[in-house]
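The structure file entry-v8.cif is reproduced below (mmCIF, C-alpha atoms).
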data_start
loop_
_atom_site.label_atom_id
_atom_site.label_comp_id
_atom_site.auth_asym_id
_atom_site.auth_seq_id
_atom_site.Cartn_x
_atom_site.Cartn_y
_atom_site.Cartn_z
CA MET A 15 36.64 -48.90 14.75
CA ASN A 16 39.73 -47.00 13.48
CA ILE A 17 37.54 -44.50 11.63
CA LEU A 18 35.41 -44.08 14.74
CA GLU A 19 38.47 -43.66 16.99
CA SER A 20 39.57 -40.59 15.04
CA TYR A 21 35.96 -39.28 15.09
CA PHE A 22 35.77 -39.76 18.86
CA LEU A 23 38.90 -37.63 19.38
CA GLU A 24 36.68 -34.59 18.76
CA ASN A 25 33.16 -35.89 19.53
CA ASN A 26 31.64 -38.09 22.22
CA ILE A 27 28.46 -39.07 20.39
CA ILE A 28 27.68 -40.35 16.90
CA THR A 29 24.36 -40.87 15.12
CA ASN A 30 23.43 -43.46 12.51
CA LYS A 31 23.35 -40.66 9.92
CA GLN A 32 26.84 -39.39 10.82
CA ALA A 33 28.23 -42.94 10.73
CA GLU A 34 26.68 -43.60 7.32
CA GLU A 35 28.25 -40.38 5.99
CA MET A 36 31.62 -41.88 6.99
CA GLY A 37 30.79 -45.17 5.26
CA ILE A 38 29.90 -47.10 8.42
CA LYS A 39 26.66 -49.09 8.19
CA ARG A 40 24.12 -49.30 11.02
CA HIS A 41 24.72 -53.01 11.56
CA VAL A 42 28.40 -52.26 12.27
CA LEU A 43 27.35 -49.89 15.06
CA ALA A 44 25.03 -52.59 16.46
CA THR A 45 27.92 -55.09 16.38
CA LEU A 46 30.21 -52.63 18.19
CA VAL A 47 27.53 -52.22 20.88
CA LYS A 48 27.24 -56.01 21.18
CA ASN A 49 31.06 -56.27 21.51
CA GLY A 50 31.08 -53.60 24.25
CA GLU A 51 33.02 -50.98 22.26
CA LEU A 52 30.08 -48.56 21.92
CA GLU A 53 27.09 -47.79 24.13
CA ARG A 54 23.62 -47.00 22.81
CA VAL A 55 22.45 -43.65 24.22
CA LYS A 56 19.04 -43.80 22.53
CA SER A 57 17.65 -44.99 19.23
CA GLY A 58 20.17 -44.11 16.51
CA VAL A 59 22.64 -42.41 18.89
CA TYR A 60 25.81 -44.03 20.26
CA LYS A 61 28.77 -43.07 22.42
CA LYS A 62 32.18 -44.55 23.02
CA LYS A 63 32.20 -47.04 25.88
CA GLY A 64 32.80 -45.20 29.16
CA ALA A 65 32.39 -41.69 27.70
CA LEU A 66 30.50 -39.23 29.86
CA ASP A 67 26.87 -38.65 28.96
CA ASP A 68 26.22 -35.43 27.05
CA ASP A 69 22.56 -34.59 27.60
CA PHE A 70 22.85 -31.59 25.26
CA ALA A 71 23.85 -33.83 22.37
CA ALA A 72 21.42 -36.58 23.32
CA ILE A 73 18.51 -34.11 23.29
CA SER A 74 19.38 -32.49 19.98
CA LEU A 75 20.81 -35.34 17.90
CA ASN A 76 18.21 -36.88 15.58
CA ASN A 77 15.93 -33.92 16.37
CA ASP A 78 16.69 -31.44 13.59
CA LEU A 79 14.02 -29.00 14.77
CA VAL A 80 15.39 -28.62 18.31
CA VAL A 81 17.39 -25.50 19.15
CA PHE A 82 18.74 -24.70 22.62
CA SER A 83 17.49 -21.32 23.77
CA TYR A 84 17.12 -19.00 26.77
CA HIS A 85 19.05 -20.12 29.90
CA THR A 86 20.54 -23.16 28.19
CA ALA A 87 21.84 -21.20 25.20
CA LEU A 88 23.31 -18.59 27.56
CA TYR A 89 25.20 -21.37 29.34
CA LEU A 90 26.45 -22.93 26.10
CA LEU A 91 27.58 -19.53 24.82
CA GLY A 92 29.42 -18.64 28.04
CA PHE A 93 27.02 -15.90 29.20
CA SER A 94 25.81 -17.83 32.26
CA ASP A 95 27.77 -19.96 34.68
CA ARG A 96 24.68 -21.80 35.90
CA ILE A 97 24.70 -25.39 34.66
CA PRO A 98 21.14 -25.98 33.46
CA ASN A 99 19.01 -28.25 35.64
CA VAL A 100 16.21 -27.72 33.11
CA TYR A 101 17.07 -27.61 29.41
CA HIS A 102 15.36 -24.83 27.46
CA ILE A 103 14.70 -25.79 23.86
CA SER A 104 12.79 -24.04 21.09
CA VAL A 105 10.83 -25.80 18.38
CA PRO A 106 8.56 -24.48 15.62
CA GLN A 107 4.85 -24.08 16.44
CA GLY A 108 2.99 -27.24 15.56
CA TYR A 109 6.01 -29.49 16.16
CA ASN A 110 5.17 -32.46 18.37
CA ALA A 111 7.95 -32.51 20.97
CA GLY A 112 6.26 -35.19 23.07
CA HIS A 113 8.78 -37.88 22.06
CA ILE A 114 11.63 -35.71 23.38
CA LYS A 115 9.77 -34.90 26.60
CA GLN A 116 9.24 -38.64 27.21
CA LYS A 117 12.99 -39.29 27.15
CA PHE A 118 14.10 -36.08 28.90
CA SER A 119 11.75 -34.93 31.62
CA LYS A 120 13.80 -31.84 32.54
CA LEU A 121 12.81 -29.81 29.47
CA LYS A 122 11.19 -26.42 29.05
CA ILE A 123 9.81 -26.29 25.52
CA HIS A 124 9.30 -22.92 23.81
CA TYR A 125 7.12 -22.91 20.70
CA VAL A 126 8.23 -20.32 18.13
CA LYS A 127 6.34 -19.05 15.09
CA ARG A 128 7.63 -20.97 12.08
CA GLU A 129 8.67 -17.79 10.24
CA LEU A 130 10.81 -16.72 13.24
CA PHE A 131 12.23 -20.12 14.18
CA ASP A 132 15.38 -20.01 11.98
CA VAL A 133 16.41 -16.49 13.04
CA GLY A 134 19.80 -16.68 14.77
CA ILE A 135 20.43 -20.43 14.75
CA ILE A 136 24.12 -21.28 15.13
CA GLN A 137 26.20 -24.36 15.95
CA THR A 138 28.10 -24.40 19.23
CA LYS A 139 30.08 -26.97 21.20
CA THR A 140 28.79 -28.54 24.36
CA PRO A 141 31.10 -28.88 27.37
CA PHE A 142 31.71 -32.45 26.12
CA GLY A 143 32.84 -31.31 22.67
CA ASN A 144 29.75 -32.18 20.61
CA TYR A 145 28.16 -29.70 18.23
CA VAL A 146 24.54 -28.72 18.81
CA LYS A 147 22.19 -26.03 17.50
CA CYS A 148 21.46 -23.07 19.69
CA TYR A 149 20.35 -19.49 19.25
CA SER A 150 23.06 -16.86 18.93
CA ILE A 151 23.58 -14.46 21.80
CA GLU A 152 21.85 -11.69 19.83
CA ARG A 153 18.75 -13.86 19.43
CA CYS A 154 18.93 -14.84 23.11
CA ILE A 155 19.08 -11.21 24.22
CA SER A 156 16.01 -10.38 22.11
CA ASP A 157 14.13 -13.40 23.50
CA LEU A 158 15.11 -12.56 27.08
CA ILE A 159 13.77 -9.05 26.75
CA VAL A 160 10.42 -10.37 25.51
CA GLU A 161 10.24 -12.87 28.40
CA ARG A 162 12.04 -10.80 31.06
CA LYS A 163 9.23 -11.17 33.62
CA GLN A 164 9.56 -14.98 33.47
CA VAL A 165 13.39 -15.03 33.52
CA ASP A 166 15.43 -15.17 36.72
CA LYS A 167 16.56 -11.59 37.45
CA GLN A 168 20.18 -12.55 38.05
CA ILE A 169 20.41 -14.54 34.81
CA PHE A 170 18.77 -11.65 32.93
CA ARG A 171 21.11 -9.02 34.41
CA ASP A 172 24.24 -11.15 33.88
CA ALA A 173 23.31 -11.89 30.26
CA ILE A 174 22.51 -8.27 29.35
CA THR A 175 25.56 -6.72 31.04
CA GLY A 176 27.79 -9.59 29.91
CA TYR A 177 26.71 -9.08 26.31
CA PHE A 178 27.15 -5.32 26.25
CA ASN A 179 30.57 -5.63 27.94
CA SER A 180 31.64 -8.40 25.55
CA LYS A 181 34.14 -7.89 22.72
CA GLU A 182 32.04 -10.26 20.59
CA LYS A 183 28.90 -8.14 20.71
CA ASP A 184 27.39 -7.37 17.32
CA ILE A 185 24.98 -4.48 17.75
CA ARG A 186 23.96 -4.48 14.08
CA THR A 187 22.86 -8.11 14.28
CA LEU A 188 21.15 -7.45 17.61
CA ILE A 189 19.14 -4.56 16.09
CA LYS A 190 18.39 -6.65 12.98
CA TYR A 191 17.05 -9.56 15.06
CA SER A 192 15.14 -7.23 17.38
CA ARG A 193 13.45 -5.67 14.35
CA ILE A 194 12.44 -9.13 13.07
CA LEU A 195 11.28 -10.28 16.53
CA GLY A 196 9.46 -7.05 17.42
CA THR A 197 11.73 -5.97 20.30
CA GLU A 198 13.57 -3.11 18.61
CA ASP A 199 12.29 -0.31 20.89
CA GLU A 200 13.28 -2.24 24.02
CA ILE A 201 16.68 -3.20 22.58
CA ARG A 202 17.42 0.40 21.64
CA LYS A 203 16.70 1.50 25.24
CA TYR A 204 19.24 -1.03 26.55
CA THR A 205 21.85 -0.05 23.95
CA GLU A 206 21.48 3.64 24.84
CA ILE A 207 21.95 2.91 28.55
CA LEU A 208 24.68 0.26 28.36
CA LEU A 209 26.87 1.48 25.49
#
Kindly return the structure encoded in the file as structure tokens.
Amino acid sequence: MNILESYFLENNIITNKQAEEMGIKRHVLATLVKNGELERVKSGVYKKKGALDDDFAAISLNNDLVVFSYHTALYLLGFSDRIPNVYHISVPQGYNAGHIKQKFSKLKIHYVKRELFDVGIIQTKTPFGNYVKCYSIERCISDLIVERKQVDKQIFRDAITGYFNSKEKDIRTLIKYSRILGTEDEIRKYTEILL
């Protein structure tokens, strides 16, 4: 438990895989659950007793091909102040996300061409301090422009203006991703207007 205590100073959730990398066997985690020191969140995922639930981590842990995108990524990256009531995730085309949908009903699943899936994946912290995969803001901006008719107008406007007013904006990466994703003409129009 001492090893886990130091781990839980920075994270709220641990998986079987993460525990094994620290030298802690699965049966030890099961014993800690039995003793009331850990709680089982779902199969292979545990949290410290009494820790707040982190749905972001619970959705993505043990699901290597899940990336937070659209509204949810904007929230995680600080470009939206709306706490998601539906979690937007992206998975590669052909991936069966039914097992995730069974456990988390408030999901919007976006299927992405396999050759475009890895473009812009980063790690970011959830509000609870756990690391999850999400698309970078440059990827999000490109995706929002493609789907702008389906995106809430206020979220779209806040994300676009927030990005172009941000000190962290990386126009080169934005253009690079827009070229790969086929949104370069649209992105260039926004950069001409907002820069």
- Could you please determine the separation between CA of Glu34 (chain A) and CA of Val80 (chain A) in Å, to one decimal place?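 Taking CA of Glu34 (chain A) and CA of Val80 (chain A), their separation equals 21.7 Å.
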- Item | Among the residues A:Ser104, A:Gly37, A:Tyr84, A:Gly143, the one that comes closest to Gln164 (chain A) [using only C-alpha atoms] |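 Using only C-alpha atoms, the shortest distance to Gln164 (chain A) belongs to A:Tyr84.
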- Best match for closeness to Thr187 (chain A) among A:Leu90, A:Leu46, A:Ala71, A:Cys154, counting all atoms listed in the file: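 The answer is A:Cys154, which sits nearest to Thr187 (chain A).
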- May I ask for the distance between CA of Ser83 (chain A) and CA of Arg193 (chain A), given in Å to one decimal place? 18.7 Å
- Starting from the displayed file, determine the output of the PyMOL selection byres ((chain A and resi 197-199) around 12) and express the residue list as a PyMOL selection string. chain A and resi 152-162+185-196+200-206
- To one decimal in Å, tell me the separation between CA of Asn25 (chain A) and CA of Tyr145 (chain A).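 These two atoms are separated by 8.1 Å.
Using only C-alpha atoms, the nearest neighbour of Ile169 (chain A) within the list A:Arg96, A:Lys139, A:His124, A:Arg40 is A:Arg96.
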- Test item: the PyMOL selection byres ((chain A and resi 114) around 10) resolved as a PyMOL selection string: chain A and resi 72-74+77+80+110-113+115-119+121+123
- Task: Taking the file above as input, evaluate the PyMOL selection byres ((chain A and resi 176) around 12) and report the hits as number ranges by chain.
- Result: A: 88, 91-95, 151-152, 155, 168-175, 177-183, 208-209
- Within 9 Å of Met36 (chain A), counting only C-alpha atoms, which residues show up once you throw out same-chain ones fewer than 3 positions away? Write them as an NGL selection string, please. :A and (17-18 or 31-33 or 39)
